[in-house]
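Asker: The following file, input_19.cif, comprises mmCIF, C-alpha atoms:
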```
data_final
#
loop_
_atom_site.label_atom_id
_atom_site.label_comp_id
_atom_site.auth_asym_id
_atom_site.auth_seq_id
_atom_site.Cartn_x
_atom_site.Cartn_y
_atom_site.Cartn_z
CA MET T 1271 0.00 0.00 0.00
CA LYS T 1272 1.35 3.44 -0.91
CA GLU T 1273 2.09 5.81 1.96
CA ASN T 1274 -0.60 8.33 1.02
CA GLU T 1275 -3.21 5.54 0.72
CA LYS T 1276 -2.14 4.19 4.11
CA ASN T 1277 -2.47 7.63 5.69
CA GLU T 1278 -5.87 8.15 4.05
CA LYS T 1279 -7.09 4.83 5.48
CA ILE T 1280 -5.90 5.81 8.97
CA VAL T 1281 -7.68 9.17 8.72
CA ASN T 1282 -10.89 7.50 7.52
CA ASP T 1283 -10.74 4.91 10.30
CA VAL T 1284 -10.27 7.61 12.92
CA ALA T 1285 -13.17 9.58 11.44
CA VAL T 1286 -15.44 6.53 11.58
CA TRP T 1287 -14.67 5.80 15.23
CA ASP T 1288 -15.29 9.44 16.08
CA LEU T 1289 -18.87 8.91 14.85
CA VAL T 1290 -19.58 5.98 17.16
CA ASP T 1291 -22.27 6.31 19.81
CA TRP T 1292 -20.51 4.43 22.59
CA ASP T 1293 -23.59 4.58 24.81
CA LEU T 1294 -25.36 1.95 22.71
CA ASP T 1295 -25.48 -1.66 23.86
CA PHE T 1296 -22.95 -3.57 21.75
CA GLU T 1297 -25.04 -6.76 21.84
CA THR T 1298 -28.13 -5.25 20.21
CA PHE T 1299 -29.48 -4.95 16.69
CA GLU T 1300 -29.47 -1.18 17.17
CA TRP T 1301 -25.68 -1.27 17.58
CA PHE T 1302 -25.32 -3.51 14.53
CA LEU T 1303 -27.32 -1.02 12.45
CA HIS T 1304 -25.44 1.98 13.84
CA LEU T 1305 -22.03 0.43 13.21
CA CYS T 1306 -22.85 -0.40 9.60
CA GLU T 1307 -24.38 3.02 9.00
CA ILE T 1308 -21.37 5.03 10.18
CA ASN T 1309 -19.02 2.84 8.12
CA ASN T 1310 -21.02 3.69 5.00
CA ARG T 1311 -21.92 7.29 5.79
CA HIS T 1312 -19.18 8.56 3.47
CA LEU T 1313 -21.01 7.15 0.43
CA ASP T 1314 -23.06 9.44 -1.76
CA GLU T 1315 -26.81 9.32 -1.19
CA GLY T 1316 -28.42 6.50 -3.14
CA ASN T 1317 -25.28 4.37 -3.30
CA GLN T 1318 -25.41 0.82 -1.99
CA TRP T 1319 -23.73 0.15 1.34
CA THR T 1320 -20.68 -2.04 0.76
CA VAL T 1321 -18.37 -1.51 3.76
CA TRP T 1322 -18.51 -4.15 6.49
CA PRO T 1323 -17.53 -2.81 9.94
CA ASP T 1324 -14.26 -3.90 11.48
CA TRP T 1325 -15.75 -5.06 14.77
CA PRO T 1326 -14.53 -8.50 15.98
CA MET T 1327 -17.46 -9.46 18.21
CA ASP T 1328 -21.23 -9.42 18.71
CA MET T 1329 -23.59 -9.47 15.69
CA PRO T 1330 -21.05 -8.23 13.09
CA GLU T 1331 -18.78 -11.13 14.07
CA ASP T 1332 -21.60 -13.70 14.15
CA ALA T 1333 -22.90 -12.90 10.66
CA LYS T 1334 -21.62 -15.31 8.00
CA GLU T 1335 -19.20 -13.65 5.61
CA GLU T 1336 -21.13 -14.80 2.55
CA HIS T 1337 -24.20 -13.00 3.93
CA HIS T 1338 -22.47 -9.67 4.66
CA GLN T 1339 -23.86 -7.89 1.62
CA ALA T 1340 -27.37 -9.16 2.33
CA TRP T 1341 -27.10 -7.75 5.86
CA LEU T 1342 -25.83 -4.43 4.55
CA ASP T 1343 -28.72 -4.25 2.07
CA LEU T 1344 -31.23 -4.96 4.85
CA LEU T 1345 -29.71 -2.47 7.28
CA GLN T 1346 -29.58 0.23 4.61
CA PHE T 1347 -33.25 -0.40 3.84
CA ILE T 1348 -34.13 -0.06 7.53
CA HIS T 1349 -32.00 3.06 7.99
CA GLU T 1350 -33.52 4.83 4.98
CA ASN T 1351 -37.14 3.83 5.62
CA GLU T 1352 -39.13 6.37 7.62
CA GLN T 1353 -41.68 3.73 8.61
CA ILE T 1354 -39.14 1.65 10.53
CA SER T 1355 -37.33 2.54 13.74
CA VAL T 1356 -35.04 0.50 15.97
CA GLY T 1357 -34.49 0.57 19.72
CA GLN T 1358 -32.26 -2.07 21.30
CA ASN T 1359 -33.49 -5.33 19.69
CA LEU T 1360 -36.99 -4.09 18.93
CA LEU T 1361 -38.04 -3.00 15.46
CA ARG T 1362 -41.11 -0.78 15.20
CA VAL T 1363 -42.90 -0.74 11.86
CA ASN T 1364 -45.63 1.77 11.00
CA GLY T 1365 -47.91 0.09 8.48
CA ASP T 1366 -49.56 1.82 5.53
CA HIS T 1367 -53.01 1.26 7.08
CA GLY T 1368 -52.20 2.65 10.52
CA THR T 1369 -51.13 -0.47 12.39
CA VAL T 1370 -47.99 -0.30 14.52
CA PHE T 1371 -46.13 -3.62 14.51
CA PHE T 1372 -43.28 -4.64 16.81
CA LEU T 1373 -40.71 -7.25 15.88
CA GLU T 1374 -38.10 -8.53 18.32
CA PHE T 1375 -34.77 -9.43 16.74
CA LEU T 1376 -33.26 -12.52 18.38
CA GLY T 1377 -29.92 -12.90 16.59
CA VAL T 1378 -28.24 -13.15 13.21
CA ASP T 1379 -28.53 -16.95 13.25
CA ILE T 1380 -32.03 -17.07 14.75
CA GLY T 1381 -34.11 -14.31 13.21
CA TRP T 1382 -37.06 -12.75 14.98
CA GLY T 1383 -39.89 -13.50 17.37
CA ASN T 1384 -43.62 -13.77 16.78
CA ILE T 1385 -45.63 -10.83 15.48
CA SER T 1386 -48.51 -9.74 17.70
CA LEU T 1387 -51.77 -8.66 16.09
CA SER T 1388 -55.02 -7.20 17.38
CA GLU T 1389 -58.28 -9.09 16.91
CA ASN T 1390 -59.55 -6.67 14.28
CA PRO T 1391 -57.75 -5.60 11.09
CA PRO T 1392 -57.95 -1.91 10.09
CA HIS T 1393 -61.17 -0.99 8.26
CA SER T 1394 -59.24 -0.14 5.09
CA VAL T 1395 -57.68 -3.62 5.11
CA VAL T 1396 -61.05 -5.30 5.74
CA LYS T 1397 -62.43 -3.47 2.70
CA ILE T 1398 -59.59 -4.82 0.53
CA LEU T 1399 -60.05 -8.37 1.85
CA PHE T 1400 -63.83 -8.17 1.37
CA GLU T 1401 -63.28 -7.28 -2.27
CA LYS T 1402 -60.85 -10.18 -2.65
CA TYR T 1403 -62.94 -12.82 -0.85
CA GLY T 1404 -66.51 -11.72 -1.52
CA ASN T 1405 -67.32 -10.26 1.91
CA HIS T 1406 -66.16 -13.40 3.72
CA PRO T 1407 -66.80 -12.78 7.46
CA SER T 1408 -63.39 -14.13 8.50
CA CYS T 1409 -61.83 -10.97 7.03
CA LYS T 1410 -63.12 -8.92 9.97
CA TRP T 1411 -61.72 -10.89 12.90
CA VAL T 1412 -58.50 -12.62 13.99
CA PRO T 1413 -58.96 -15.59 16.37
CA ASP T 1414 -56.77 -15.85 19.46
CA HIS T 1415 -54.39 -18.47 18.08
CA LEU T 1416 -53.58 -16.28 15.06
CA GLN T 1417 -52.99 -13.08 17.03
CA SER T 1418 -49.37 -14.17 17.46
CA LEU T 1419 -47.99 -15.00 14.03
CA CYS T 1420 -44.83 -17.05 13.63
CA LEU T 1421 -43.36 -16.21 10.24
CA GLU T 1422 -40.28 -18.37 9.68
CA PRO T 1423 -37.35 -17.44 7.41
CA ASN T 1424 -37.84 -18.59 3.84
CA SER T 1425 -36.27 -21.73 2.43
CA SER T 1426 -33.09 -19.88 1.42
CA GLY T 1427 -32.12 -19.75 5.08
CA ILE T 1428 -30.66 -16.27 4.62
CA ILE T 1429 -31.97 -14.35 7.62
CA PRO T 1430 -31.49 -10.79 6.28
CA THR T 1431 -33.24 -11.59 2.99
CA SER T 1432 -36.18 -13.14 4.84
CA LEU T 1433 -36.38 -10.27 7.32
CA ASN T 1434 -36.46 -7.77 4.46
CA THR T 1435 -39.49 -9.60 3.06
CA ILE T 1436 -41.23 -9.62 6.46
CA LEU T 1437 -40.65 -5.89 6.94
CA LEU T 1438 -42.16 -5.15 3.54
CA MET T 1439 -45.19 -7.28 4.46
CA LEU T 1440 -45.62 -5.34 7.69
CA ILE T 1441 -45.33 -2.00 5.91
CA HIS T 1442 -47.93 -2.91 3.28
CA GLU T 1443 -50.03 -4.77 5.91
CA VAL T 1444 -52.60 -6.48 3.68
CA ASN T 1445 -50.77 -9.82 3.30
CA ILE T 1446 -50.18 -10.07 7.06
CA TRP T 1447 -53.87 -9.58 7.82
CA ASP T 1448 -54.75 -11.92 4.97
CA LEU T 1449 -52.74 -14.69 6.67
CA ALA T 1450 -54.23 -13.93 10.08
CA THR T 1451 -57.82 -14.14 8.83
CA ASP T 1452 -57.34 -17.27 6.72
CA TYR T 1453 -59.41 -19.76 8.74
CA HIS T 1454 -62.80 -21.45 9.03
CA TRP T 1455 -64.90 -22.89 11.84
CA ALA T 1456 -65.12 -26.68 11.70
CA VAL T 1457 -67.01 -29.30 13.70
CA CYS T 1458 -65.93 -32.92 14.04
CA LYS T 1459 -68.64 -35.14 12.57
CA TRP T 1460 -67.80 -37.93 15.02
CA CYS T 1461 -67.29 -36.33 18.45
CA GLY T 1462 -68.82 -32.90 17.88
CA ASP T 1463 -65.77 -30.92 19.02
CA SER T 1464 -65.27 -27.65 17.18
CA SER T 1465 -62.21 -25.57 16.35
CA PHE T 1466 -60.68 -23.12 13.92
CA ASN T 1467 -58.97 -24.77 10.96
CA SER T 1468 -56.69 -23.23 8.37
CA GLY T 1469 -58.10 -21.84 5.14
CA ARG T 1470 -61.27 -19.93 4.26
CA ARG T 1471 -64.18 -22.10 3.15
CA PHE T 1472 -67.10 -21.21 0.94
CA PRO T 1473 -69.93 -20.71 1.47
CA PRO T 1474 -68.85 -19.09 4.75
CA ASN T 1475 -72.08 -19.50 6.74
CA VAL T 1476 -72.16 -23.28 6.50
CA ILE T 1477 -70.91 -25.61 9.25
CA HIS T 1478 -67.96 -27.49 7.81
CA ARG T 1479 -67.76 -31.01 9.18
CA VAL T 1480 -64.42 -32.77 9.45
CA VAL T 1481 -62.77 -35.59 11.38
CA CYS T 1482 -60.68 -34.07 14.18
CA VAL T 1483 -57.16 -35.24 14.94
CA SER T 1484 -58.20 -37.20 18.04
CA CYS T 1485 -60.93 -39.10 16.24
CA GLY T 1486 -58.67 -39.67 13.27
CA ASN T 1487 -56.01 -41.20 15.51
CA ASP T 1488 -58.59 -43.41 17.23
CA ALA T 1489 -60.11 -44.65 13.99
CA PRO T 1490 -59.66 -48.40 13.39
CA LEU T 1491 -57.21 -49.47 10.71
CA THR T 1492 -58.78 -50.86 7.57
CA ASN T 1493 -57.29 -52.81 4.71
#
```
Represent the structure of the file as C-alpha cells.

Answerer:
Amino acid sequence: MKENEKNEKIVNDVAVWDLVDWDLDFETFEWFLHLCEINNRHLDEGNQWTVWPDWPMDMPEDAKEEHHQAWLDLLQFIHENEQISVGQNLLRVNGDHGTVFFLEFLGVDIGWGNISLSENPPHSVVKILFEKYGNHPSCKWVPDHLQSLCLEPNSSGIIPTSLNTILLMLIHEVNIWDLATDYHWAVCKWCGDSSFNSGRRFPPNVIHRVVCVSCGNDAPLTN
C-alpha cells in the first residue's frame, strides 16, 4: 500500500470511530445497524452500502461472511425507511393502514420473534379483503391463536433476505392480515368438538364437518 493511501485509510478509520455512539449496547441490533451506518456514511446518497464494519465481536462477528452484503442491504433499507425505527433489539414498523407492529430481533442466526396482532384488522384492510374474498366474514376478525404470528425465514435460510421480506409485508399490511384471517370454523362429525382450521371455506355461513385429529387417531385401521 502506498504511503498516502495508508495515511488516508488511517484518517478514515479515525473519522469513523469518532462517529460511534458508545452509549449503545454492543449486543443489540441497534448497535449492529449503527455500526454499519457510520461505516457507509461517506457514500453518496443513493449508493449501496458495501463496507462491512471492522468489529470483531457481537452481531457483526456472528454474521456469516457470505451474507455480509445481504445484511448491509437490509440495514440500509431499515435506515432509509421512515416507517421503521429501531431501539435495542426491537423494530417498530408503522404500516400503511395505521397499524404499529413490533418485531423482536433474536440474533443473526435465529431471526425474529412472533408478530402480535389485534383481533380486528384496520377498516381499510377489511375493505380490501372483502373485495378479494366476496365479503367473507373471516376478514373482519382474527382468532386468538392467530394473534401471534410465527413467520419463519424462507427456504433460502438467509436471515437478512427473509427479514427484508417480512418488513415489507408489515409496511404494506394487507398480506399479514390476509394470513391472520385465513381460517374457518369446523365441527368434528364424530365427536362434535369444534375448532378453527386453516383456510377460508365457501360458502362461509355453513358448518364445515371434518374428522378431528383425536378421532382420526382413534379410527380403526382398515385394509

Asker: Quick one: which residues end up in the PyMOL selection byres ((chain T and resi 1422) around 12) for this structure, as a PyMOL selection string?

Answerer: chain T and resi 1380-1385+1419-1421+1423-1429+1431-1433+1435-1436

Asker: With all atoms listed in the file as the atoms that count, which of T:Cys1306, T:Leu1438, T:Val1412, T:Val1396 lies nearest to Asp1343 in chain T?

Answerer: T:Cys1306

Asker: I'd like the contact shell of Val1483 in chain T - 12 Å cut-off, only C-alpha atoms, skipping same-chain residues fewer than 4 positions apart - returned as an NGL selection string.

Answerer: :T and (1457-1461 or 1463-1465 or 1467 or 1487-1489)

Asker: Using Å and a single decimal, report how far CA of Met1439 in chain T sits from CA of Leu1305 in chain T.

Answerer: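 CA of Met1439 in chain T lies 25.9 Å from CA of Leu1305 in chain T.
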
Asker: Could you tell me which of T:Arg1311, T:His1454, T:His1406, T:His1367 comes closest to His1349 in chain T if we count only C-alpha atoms?

Answerer: T:Arg1311

Asker: What do you get, as a PyMOL selection string, if you spell out every residue that the PyMOL selection byres ((chain T and resi 1320) around 8) selects here?

Answerer: chain T and resi 1310+1318-1319+1321-1322+1339+1342

Asker: What is the CA of Asp1328 in chain T to CA of Ser1355 in chain T distance in Å?

Answerer: 20.7 Å

Asker: Name the residues captured by the PyMOL selection byres ((chain T and resi 1474) around 12) when it is applied to the shown file; answer as a PyMOL selection string.

Answerer: chain T and resi 1403-1409+1452-1456+1469-1473+1475-1478

Asker: In Å to one decimal, how far is CA of Ser1468 in chain T from CA of Cys1482 in chain T?

Answerer: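 Separation of CA of Cys1482 in chain T and CA of Ser1468 in chain T: 12.9 Å.
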
Asker: Which residues are close to Glu1389 in chain T, i.e. within 10 Å by all atoms listed in the file, leaving aside same-chain residues fewer than 6 positions away? Reply as a PyMOL selection string.

Answerer: chain T and resi 1410-1414+1416-1417+1450-1451

Asker: Near His1442 in chain T, counting only C-alpha atoms, which residues have an atom at most 9 Å away, once you skip same-chain residues fewer than 5 positions from it, shown as a list in words?

Answerer: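 The neighbour list is Gly1365, Asp1366, His1367 and Leu1437 of chain T.
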
Asker: Under the rule that only C-alpha atoms are counted, which of T:Val1370, T:Met1327, T:Ala1340, T:Leu1313 is the nearest residue to Gln1353 in chain T?

Answerer: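 So, comparing all the options, the nearest one is T:Val1370.
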
Asker: Extract, using only C-alpha atoms, all DNA, RNA and protein residues at most 10 Å from range 1294-1297 of chain T, discarding same-chain residues fewer than 3 positions from it, and format them as a PDB file with C-alpha atoms, in the coordinates of the input.

Answerer:
```pdb
ATOM      1  CA  VAL T1290     -19.580   5.980  17.160  1.00  0.00           C
ATOM      2  CA  ASP T1291     -22.270   6.310  19.810  1.00  0.00           C
ATOM      3  CA  GLU T1300     -29.470  -1.180  17.170  1.00  0.00           C
ATOM      4  CA  TRP T1301     -25.680  -1.270  17.580  1.00  0.00           C
ATOM      5  CA  PHE T1302     -25.320  -3.510  14.530  1.00  0.00           C
ATOM      6  CA  HIS T1304     -25.440   1.980  13.840  1.00  0.00           C
ATOM      7  CA  LEU T1305     -22.030   0.430  13.210  1.00  0.00           C
ATOM      8  CA  MET T1327     -17.460  -9.460  18.210  1.00  0.00           C
ATOM      9  CA  ASP T1328     -21.230  -9.420  18.710  1.00  0.00           C
ATOM     10  CA  MET T1329     -23.590  -9.470  15.690  1.00  0.00           C
ATOM     11  CA  PRO T1330     -21.050  -8.230  13.090  1.00  0.00           C
ATOM     12  CA  GLY T1357     -34.490   0.570  19.720  1.00  0.00           C
ATOM     13  CA  GLN T1358     -32.260  -2.070  21.300  1.00  0.00           C
ATOM     14  CA  ASN T1359     -33.490  -5.330  19.690  1.00  0.00           C
ATOM     15  CA  GLY T1377     -29.920 -12.900  16.590  1.00  0.00           C
TER      16      GLY T1377
END
```

Asker: Measuring atom to atom with only C-alpha atoms, identify which of T:Trp1341, T:Glu1374, T:Ile1446, T:Ile1441 is nearest to Val1356 in chain T.

Answerer: T:Glu1374
